[in-house]
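Student: To start, I am sharing the structure in question, which I have written as structure tokens.
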Amino acid sequence: MSGPPQQVQEPQAPSPEALAVADYLKSVDIKARTCILQGQRKDLFKVKRAVRALESDHYKAACKKNPLLPKVENRQEAIRAFSLLPRSLLALRVSKVEPEDGAKNPKRVKGLWTVKVEPQQEIREDLYYAFFYEPRTWKQTAMAVGLVALLLTVVMFPLWPPMLRLGVWYLSMGMLGLIGLFIVMSIFRLILFVISMVVTPPGLWLYPNLFEDVGFFDSFRPLWAWHKVKKSKAERMQEKAAAAAASPAASAPSEKAAPAPTTPVPKVPAALTARKPTVEEVEE
């Protein structure tokens, strides 16, 4: 992009035109990718791709449908329309954080840039911007409506029909019974482990995976297992040394018993090895 970089003015409240431009750029393919900004995921894009999208014929067709979109006839008007985003804090210029520039132990995600907001906001084709604008989607609206409906349903519990209230009471009693059964089983398995550890060390666990980070059904498999005693570091070092000492001794007999390689002797034809008769034998 020729000419000096475009400076961004003071931030202001998002205007309908700025929101319309942000919505349009969010809906088209400007090859945005995910980055990490202050521990949050943001959409990162290059200025030149956003400007090209505002200069496209698709944007001109969108302007006819949405009168809030500013008209763009040339490159300068496209840049002016794009400048609505940083002025409204809908998208800001960012740069990649190098390891030496970041914190002592910055949290990084493999394959994603960690970026920071630049204090100097300008517009050039080679610069990167990150969206701070998150439009509301129909999923978020549906979740909000569902949450409000759920809260109203719970609050209006006294107005429920008697059959529904009785069903909820039975369900709550069943859940409390399951929780009590789980607590009783946890105490019983601990008592069983202590007794078995004294009688038959190292001890027996009932449902050993009950508190492990596994699935629901895997928590109850296997039914029982012996307690695994963690070996100390010295014992592990001794086992490694014993294994290293045993490996040369086991390989030595095999080396002695191995036969020496023999060189194959080619078979000589019988015509070459046959003895020729002497002169006397011929005369006789």
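Every chain in the structure tokens has a letter given in the order shown (A, B, ...), and although residue numbers restart at 1 in each chain, ligands are simply numbered from 1 in the order shown.
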Can you list, as a list in words, every protein, DNA or RNA residue that comes within 10 Å of Arg41 of chain A when you count only C-alpha atoms, leaving out same-chain residues fewer than 5 positions away?
Tutor: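 The neighbour list is Arg33, Thr34, Cys35, Ile36, Leu112, Trp113, Thr114, Ala130 and Phe131 of chain A.
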Student: Taking a cut-off of 9 Å and counting only C-alpha atoms, can you build a table that, for each residue of segment 114-228 of chain A near segment 47-69 of chain A, reports the nearest atom pair and how far apart they are in Å (one decimal), sorted by chain then residue number, as CSV?
Tutor:
residue,atom,partner,partner_atom,distance
A:Ile123,CA,A:Val47,CA,7.1
A:Arg124,CA,A:Val47,CA,6.5
A:Glu125,CA,A:Lys48,CA,4.4
A:Asp126,CA,A:Val47,CA,6.6
A:Leu127,CA,A:Val47,CA,5.9
A:Tyr128,CA,A:Val47,CA,6.0
A:Tyr129,CA,A:Val47,CA,6.8
Student: Those same residues - C-alpha atoms - I'd like them written as a compact mmCIF listing (two decimals), in the first residue's frame.
Tutor:
# COMPACT_ATOMS: atom_id res chain seq x y z
CA ILE A 123 -3.31 0.56 9.06
CA ARG A 124 -0.90 -1.08 6.63
CA GLU A 125 -1.30 -4.11 4.41
CA ASP A 126 1.37 -6.14 6.22
CA LEU A 127 -0.06 -5.62 9.72
CA TYR A 128 -2.24 -8.01 11.69
CA TYR A 129 -5.47 -7.23 13.50
Student: Could you tell me which of A:Phe82, A:Phe211, A:Phe216, A:Trp205 comes closest to Lys228 of chain A if we count only C-alpha atoms?
Tutor: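 Smallest separation from Lys228 of chain A among the options: A:Trp205.
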Student: Within 9 Å of segment 199-201 of chain A, counting only C-alpha atoms, which residues qualify if same-chain residues fewer than 4 places away don't, as a PyMOL selection string?
Tutor: chain A and resi 194-195+226-227
Student: Using DSSP assignments from the backbone, pull out every residue in segment 50-255 of chain A that falls under helix (DSSP H, G or I) and give it to me as a PyMOL selection string.
Tutor: chain A and resi 50-55+57-65+75-82+84-87+138-155+157-159+162-199+218-220+233-255
Student: I'd like the contact shell of segment 153-159 of chain A - 12 Å cut-off, only C-alpha atoms, skipping same-chain residues fewer than 6 positions apart - returned as a ChimeraX atom specification.
Tutor: /A:146-147,165-166,168-169
Student: Quick check for you: according to DSSP on this backbone, which residues of segment 25-243 of chain A are classed as strand (DSSP E or B)? Reply as a ChimeraX atom specification.
Tutor: /A:33-37,40-46,91-96,113-117,122-123,128-131,204-206,224-226
Student: Taking N, CA and C atoms for each residue, export the selection above as a short mmCIF file (atom, residue, chain, number, x, y, z; two decimals), in the first residue's frame.
Tutor:
data_model
loop_
_atom_site.label_atom_id
_atom_site.label_comp_id
_atom_site.auth_asym_id
_atom_site.auth_seq_id
_atom_site.Cartn_x
_atom_site.Cartn_y
_atom_site.Cartn_z
N ARG A 33 -7.35 -16.71 11.37
CA ARG A 33 -6.89 -17.85 12.16
C ARG A 33 -6.94 -17.49 13.64
N THR A 34 -6.86 -18.50 14.45
CA THR A 34 -7.00 -18.30 15.89
C THR A 34 -5.66 -17.92 16.51
N CYS A 35 -5.69 -16.97 17.43
CA CYS A 35 -4.50 -16.57 18.19
C CYS A 35 -4.86 -16.51 19.67
N ILE A 36 -3.85 -16.36 20.50
CA ILE A 36 -4.04 -16.28 21.95
C ILE A 36 -3.69 -14.86 22.40
N LEU A 37 -4.66 -14.18 22.97
CA LEU A 37 -4.46 -12.82 23.46
C LEU A 37 -4.94 -12.75 24.90
N GLN A 40 -7.02 -15.62 26.04
CA GLN A 40 -8.28 -15.84 25.33
C GLN A 40 -8.01 -16.04 23.84
N ARG A 41 -8.88 -16.80 23.19
CA ARG A 41 -8.76 -17.07 21.77
C ARG A 41 -9.47 -15.97 20.98
N LYS A 42 -8.75 -15.42 20.01
CA LYS A 42 -9.28 -14.37 19.15
C LYS A 42 -9.02 -14.75 17.69
N ASP A 43 -9.79 -14.11 16.79
CA ASP A 43 -9.60 -14.31 15.35
C ASP A 43 -8.60 -13.29 14.84
N LEU A 44 -7.52 -13.80 14.24
CA LEU A 44 -6.43 -12.97 13.73
C LEU A 44 -6.53 -12.91 12.21
N PHE A 45 -6.35 -11.73 11.63
CA PHE A 45 -6.41 -11.59 10.18
C PHE A 45 -5.45 -10.48 9.74
N LYS A 46 -5.15 -10.48 8.45
CA LYS A 46 -4.24 -9.51 7.88
C LYS A 46 -5.04 -8.37 7.26
N ALA A 91 -11.83 -4.17 16.45
CA ALA A 91 -10.63 -4.92 16.05
C ALA A 91 -9.44 -4.01 16.28
N LEU A 92 -8.36 -4.58 16.81
CA LEU A 92 -7.18 -3.79 17.14
C LEU A 92 -5.93 -4.44 16.55
N ARG A 93 -4.94 -3.60 16.31
CA ARG A 93 -3.67 -4.09 15.76
C ARG A 93 -2.91 -4.86 16.84
N VAL A 94 -2.41 -6.03 16.46
CA VAL A 94 -1.65 -6.88 17.38
C VAL A 94 -0.35 -7.30 16.70
N SER A 95 0.55 -7.81 17.51
CA SER A 95 1.82 -8.33 17.02
C SER A 95 2.18 -9.57 17.80
N LYS A 96 2.97 -10.41 17.20
CA LYS A 96 3.35 -11.68 17.82
C LYS A 96 4.31 -11.44 18.98
N TRP A 113 -0.40 -18.47 17.53
CA TRP A 113 0.39 -17.31 17.92
C TRP A 113 -0.10 -16.76 19.25
N THR A 114 0.84 -16.32 20.07
CA THR A 114 0.52 -15.52 21.24
C THR A 114 0.80 -14.07 20.89
N VAL A 115 -0.21 -13.21 20.96
CA VAL A 115 -0.09 -11.84 20.47
C VAL A 115 -0.37 -10.86 21.60
N LYS A 116 -0.04 -9.61 21.31
CA LYS A 116 -0.31 -8.52 22.25
C LYS A 116 -0.82 -7.32 21.45
N VAL A 117 -1.58 -6.47 22.10
CA VAL A 117 -2.12 -5.28 21.45
C VAL A 117 -1.04 -4.22 21.38
N GLU A 122 -2.21 1.65 13.63
CA GLU A 122 -2.11 2.16 12.27
C GLU A 122 -2.56 1.08 11.31
N ILE A 123 -2.78 1.47 10.07
CA ILE A 123 -3.31 0.56 9.06
C ILE A 123 -2.32 0.46 7.92
N TYR A 128 -1.23 -7.06 11.25
CA TYR A 128 -2.24 -8.01 11.69
C TYR A 128 -3.18 -7.35 12.68
N TYR A 129 -4.45 -7.72 12.58
CA TYR A 129 -5.47 -7.23 13.50
C TYR A 129 -6.18 -8.43 14.10
N ALA A 130 -6.74 -8.23 15.29
CA ALA A 130 -7.51 -9.27 15.98
C ALA A 130 -8.89 -8.72 16.30
N PHE A 131 -9.90 -9.55 16.08
CA PHE A 131 -11.28 -9.14 16.35
C PHE A 131 -11.53 -9.16 17.86
N LEU A 204 -5.75 -54.99 49.81
CA LEU A 204 -6.71 -55.24 48.74
C LEU A 204 -7.65 -54.05 48.60
N TRP A 205 -7.82 -53.60 47.36
CA TRP A 205 -8.73 -52.50 47.07
C TRP A 205 -9.98 -53.04 46.37
N LEU A 206 -11.14 -52.61 46.85
CA LEU A 206 -12.40 -52.90 46.16
C LEU A 206 -12.68 -51.74 45.22
N TRP A 224 -11.79 -55.93 42.01
CA TRP A 224 -10.81 -55.79 43.09
C TRP A 224 -9.41 -55.89 42.48
N ALA A 225 -8.43 -55.42 43.23
CA ALA A 225 -7.02 -55.49 42.79
C ALA A 225 -6.14 -55.26 44.00
N TRP A 226 -4.92 -55.81 43.94
CA TRP A 226 -3.96 -55.61 45.02
C TRP A 226 -3.39 -54.19 44.95
#
Student: Looking at A:Val148, A:Ala32, A:Ala13, A:Ile179, which one is nearest to Arg87 of chain A, with distances taken over only C-alpha atoms?
Tutor: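 Smallest distance to Arg87 of chain A is found for A:Ala13.
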Student: Take atom CA of Glu134 of chain A and atom CA of Ser15 of chain A and report the distance between them in Å, one decimal.
Tutor: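 Rounded to one decimal, the two atoms are 15.2 Å apart.
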